[in-house]
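Scroll down for the structure; my scribbles are underneath it.
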Amino acid sequence: MGWSGLVAPRLPTRWATPVHAALGAVLVRWTDAPLGLRPPASRSGGRLGLSAAGAVAVAVASATVVPAVRVGMRKRSMPEPVAEWLLVRIPIGTVWSEETAFRAALGTVAAQSFGPRWGRILQAVAFGLSHVADARGAGETVVGTVAVTGVAGWVFGWLYDRSGSLVAPMLAHLAVNEAGAVAALVVQRQGLMVDSPI
């Protein structure tokens, strides 16, 4: 769960999502970061976010035809229960908590201190580094994970700044996580069907 794993790494699963979501909200309140959840900012964020989410979904779907990607998806461990993971833990425990913490709270403070350009870079670097524990836990390369999530953090920050609403990066972030999870589930189930005896 990125940053939340650094704050509360030993929380039982049932408490992790509400605690992380609450921490994100507290950080927003503490920094007085603008969320842009009301019109007209929310409409702008929705349009930009849906465009980004659509592009992400197409990219993930296209990637599943690559054999190496399919192998990785088949090896991926899925949290249980899957429905709770997809409907609660990803959107609230990951997307809401990370977007409020990084794009809204840290992004706002960093932009005020270092300017918009360097502020976005700072929050993106912090976002990438917050996934070190996740990379080690999943057996993935730390450098690669930090680089990919850092770039994603920069893009999410750009969406936030461009639209003036947290809706845009939340939709894009949600698409990344949900599309990747659903694609892995589909690939794994296809593998079970192929491997099962007739």
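As shown in the structure tokens, the chain order sets the letters A, B, ...; within each chain, residues go from 1, and ligands are also counted from 1 in the order they appear.
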**OP:** Using only C-alpha atoms, determine which residues lie at most 8 Å from Val132 in chain A, disregarding the query and same-chain residues fewer than 2 positions distant; provide the list as a PyMOL selection string.
**Re:** chain A and resi 2+128-130+134-136+142+145-146
Go ahead and write the residues just picked, N, CA, C and O atoms, as a PDB file, in the first residue's frame.
ATOM      1  N   GLY A   2       2.068   1.179  -0.457  1.00  0.00           N
ATOM      2  CA  GLY A   2       2.869   2.384  -0.590  1.00  0.00           C
ATOM      3  C   GLY A   2       3.134   3.097   0.720  1.00  0.00           C
ATOM      4  O   GLY A   2       3.624   2.529   1.672  1.00  0.00           O
ATOM      5  N   GLY A 128       7.453   7.320  -5.296  1.00  0.00           N
ATOM      6  CA  GLY A 128       8.230   6.169  -5.754  1.00  0.00           C
ATOM      7  C   GLY A 128       8.943   5.471  -4.615  1.00  0.00           C
ATOM      8  O   GLY A 128       8.877   4.243  -4.479  1.00  0.00           O
ATOM      9  N   LEU A 129       9.601   6.244  -3.751  1.00  0.00           N
ATOM     10  CA  LEU A 129      10.341   5.664  -2.630  1.00  0.00           C
ATOM     11  C   LEU A 129       9.425   4.976  -1.620  1.00  0.00           C
ATOM     12  O   LEU A 129       9.839   4.037  -0.939  1.00  0.00           O
ATOM     13  N   SER A 130       8.178   5.430  -1.544  1.00  0.00           N
ATOM     14  CA  SER A 130       7.252   4.817  -0.585  1.00  0.00           C
ATOM     15  C   SER A 130       6.879   3.387  -0.977  1.00  0.00           C
ATOM     16  O   SER A 130       6.294   2.655  -0.178  1.00  0.00           O
ATOM     17  N   ASP A 134       6.932  -2.417  -0.680  1.00  0.00           N
ATOM     18  CA  ASP A 134       6.046  -3.222  -1.525  1.00  0.00           C
ATOM     19  C   ASP A 134       6.848  -4.044  -2.529  1.00  0.00           C
ATOM     20  O   ASP A 134       6.541  -5.215  -2.774  1.00  0.00           O
ATOM     21  N   ALA A 135       7.858  -3.425  -3.123  1.00  0.00           N
ATOM     22  CA  ALA A 135       8.679  -4.125  -4.117  1.00  0.00           C
ATOM     23  C   ALA A 135       9.408  -5.300  -3.472  1.00  0.00           C
ATOM     24  O   ALA A 135       9.432  -6.409  -4.025  1.00  0.00           O
ATOM     25  N   ARG A 136       9.980  -5.074  -2.303  1.00  0.00           N
ATOM     26  CA  ARG A 136      10.700  -6.153  -1.624  1.00  0.00           C
ATOM     27  C   ARG A 136       9.756  -7.276  -1.227  1.00  0.00           C
ATOM     28  O   ARG A 136      10.080  -8.454  -1.359  1.00  0.00           O
ATOM     29  N   VAL A 142      13.624  -3.277  -6.801  1.00  0.00           N
ATOM     30  CA  VAL A 142      13.339  -2.030  -6.099  1.00  0.00           C
ATOM     31  C   VAL A 142      13.513  -0.834  -7.022  1.00  0.00           C
ATOM     32  O   VAL A 142      12.663   0.057  -7.076  1.00  0.00           O
ATOM     33  N   THR A 145      10.645  -0.646  -9.566  1.00  0.00           N
ATOM     34  CA  THR A 145       9.387  -0.256  -8.928  1.00  0.00           C
ATOM     35  C   THR A 145       9.386   1.226  -8.566  1.00  0.00           C
ATOM     36  O   THR A 145       8.400   1.932  -8.811  1.00  0.00           O
ATOM     37  N   VAL A 146      10.484   1.697  -7.983  1.00  0.00           N
ATOM     38  CA  VAL A 146      10.581   3.112  -7.610  1.00  0.00           C
ATOM     39  C   VAL A 146      10.495   3.993  -8.855  1.00  0.00           C
ATOM     40  O   VAL A 146       9.815   5.031  -8.846  1.00  0.00           O
TER      41      VAL A 146
END
Check which residues of range 29-88 of chain A sit at most 9 Å from range 160-180 of chain A using only C-alpha atoms, and return one row each with the closest pair of atoms and their distance in Å to one decimal, ordered by chain and rising number, as a Markdown table.
| residue | atom | partner | partner_atom | distance |
| --- | --- | --- | --- | --- |
| A:Pro34 | CA | A:Ser165 | CA | 7.7 |
| A:Leu35 | CA | A:Leu166 | CA | 5.3 |
| A:Gly36 | CA | A:Ser165 | CA | 4.0 |
| A:Leu37 | CA | A:Ser165 | CA | 6.2 |
| A:Arg38 | CA | A:Ser165 | CA | 8.4 |
| A:Ala41 | CA | A:Ser165 | CA | 5.4 |
| A:Ser42 | CA | A:Ser165 | CA | 5.7 |
| A:Arg43 | CA | A:Ser165 | CA | 8.5 |
| A:Ser44 | CA | A:Ser163 | CA | 5.5 |
| A:Gly45 | CA | A:Ala168 | CA | 4.3 |
| A:Gly46 | CA | A:Ala168 | CA | 5.7 |
| A:Arg47 | CA | A:Ala168 | CA | 7.6 |
| A:Leu48 | CA | A:Ala168 | CA | 5.8 |
| A:Gly49 | CA | A:Ala168 | CA | 3.7 |
| A:Leu50 | CA | A:Leu171 | CA | 6.4 |
| A:Ser51 | CA | A:Ala172 | CA | 8.4 |
| A:Ala52 | CA | A:Ala172 | CA | 5.6 |
| A:Ala53 | CA | A:Ala172 | CA | 4.6 |
| A:Gly54 | CA | A:Ala175 | CA | 7.8 |
| A:Ala55 | CA | A:Ala172 | CA | 9.0 |
| A:Val56 | CA | A:Val176 | CA | 6.2 |
| A:Ala57 | CA | A:Ala179 | CA | 5.8 |
| A:Val60 | CA | A:Gly180 | CA | 6.5 |
| A:Ala61 | CA | A:Ala179 | CA | 7.9 |
| A:Met73 | CA | A:Gly180 | CA | 8.7 |
| A:Leu86 | CA | A:Glu178 | CA | 6.7 |
Report as a Markdown table: every residue of range 49-122 of chain A with an atom at most 6 Å from range 17-33 of chain A, its closest pair of atoms, and their distance in Å to one decimal, counting only C-alpha atoms, with rows sorted by chain and ascending residue number.
| residue | atom | partner | partner_atom | distance |
| --- | --- | --- | --- | --- |
| A:Arg89 | CA | A:Thr17 | CA | 5.9 |
| A:Gly93 | CA | A:Thr17 | CA | 4.2 |
| A:Ser97 | CA | A:Gly24 | CA | 4.7 |
| A:Thr100 | CA | A:Gly24 | CA | 5.1 |
| A:Ala101 | CA | A:Gly24 | CA | 5.0 |
| A:Ala104 | CA | A:Ala33 | CA | 5.5 |
| A:Ala105 | CA | A:Val28 | CA | 5.1 |
| A:Thr108 | CA | A:Ala33 | CA | 5.9 |
Subject >> Those of range 14-190 of chain A in DSSP helix (DSSP H, G or I), formatted as JSON, numbers by chain >> reply: {"A": [14, 15, 16, 17, 18, 19, 20, 21, 22, 23, 24, 25, 26, 27, 28, 29, 30, 31, 41, 42, 43, 44, 45, 46, 47, 48, 49, 50, 51, 52, 53, 54, 55, 56, 57, 58, 59, 60, 61, 62, 63, 67, 68, 69, 70, 71, 72, 73, 74, 75, 82, 83, 84, 85, 86, 87, 88, 89, 90, 91, 92, 93, 94, 95, 96, 97, 98, 99, 100, 101, 102, 103, 104, 105, 106, 107, 108, 109, 110, 111, 112, 113, 114, 116, 117, 118, 119, 120, 121, 122, 123, 124, 125, 126, 127, 128, 129, 132, 133, 134, 135, 136, 137, 138, 142, 143, 144, 145, 146, 147, 148, 149, 150, 151, 152, 153, 154, 155, 156, 157, 158, 159, 160, 161, 162, 163, 167, 168, 169, 170, 171, 172, 173, 174, 175, 176, 177, 178, 179, 180, 181, 182, 183, 184, 185, 186, 187, 188, 189, 190]}
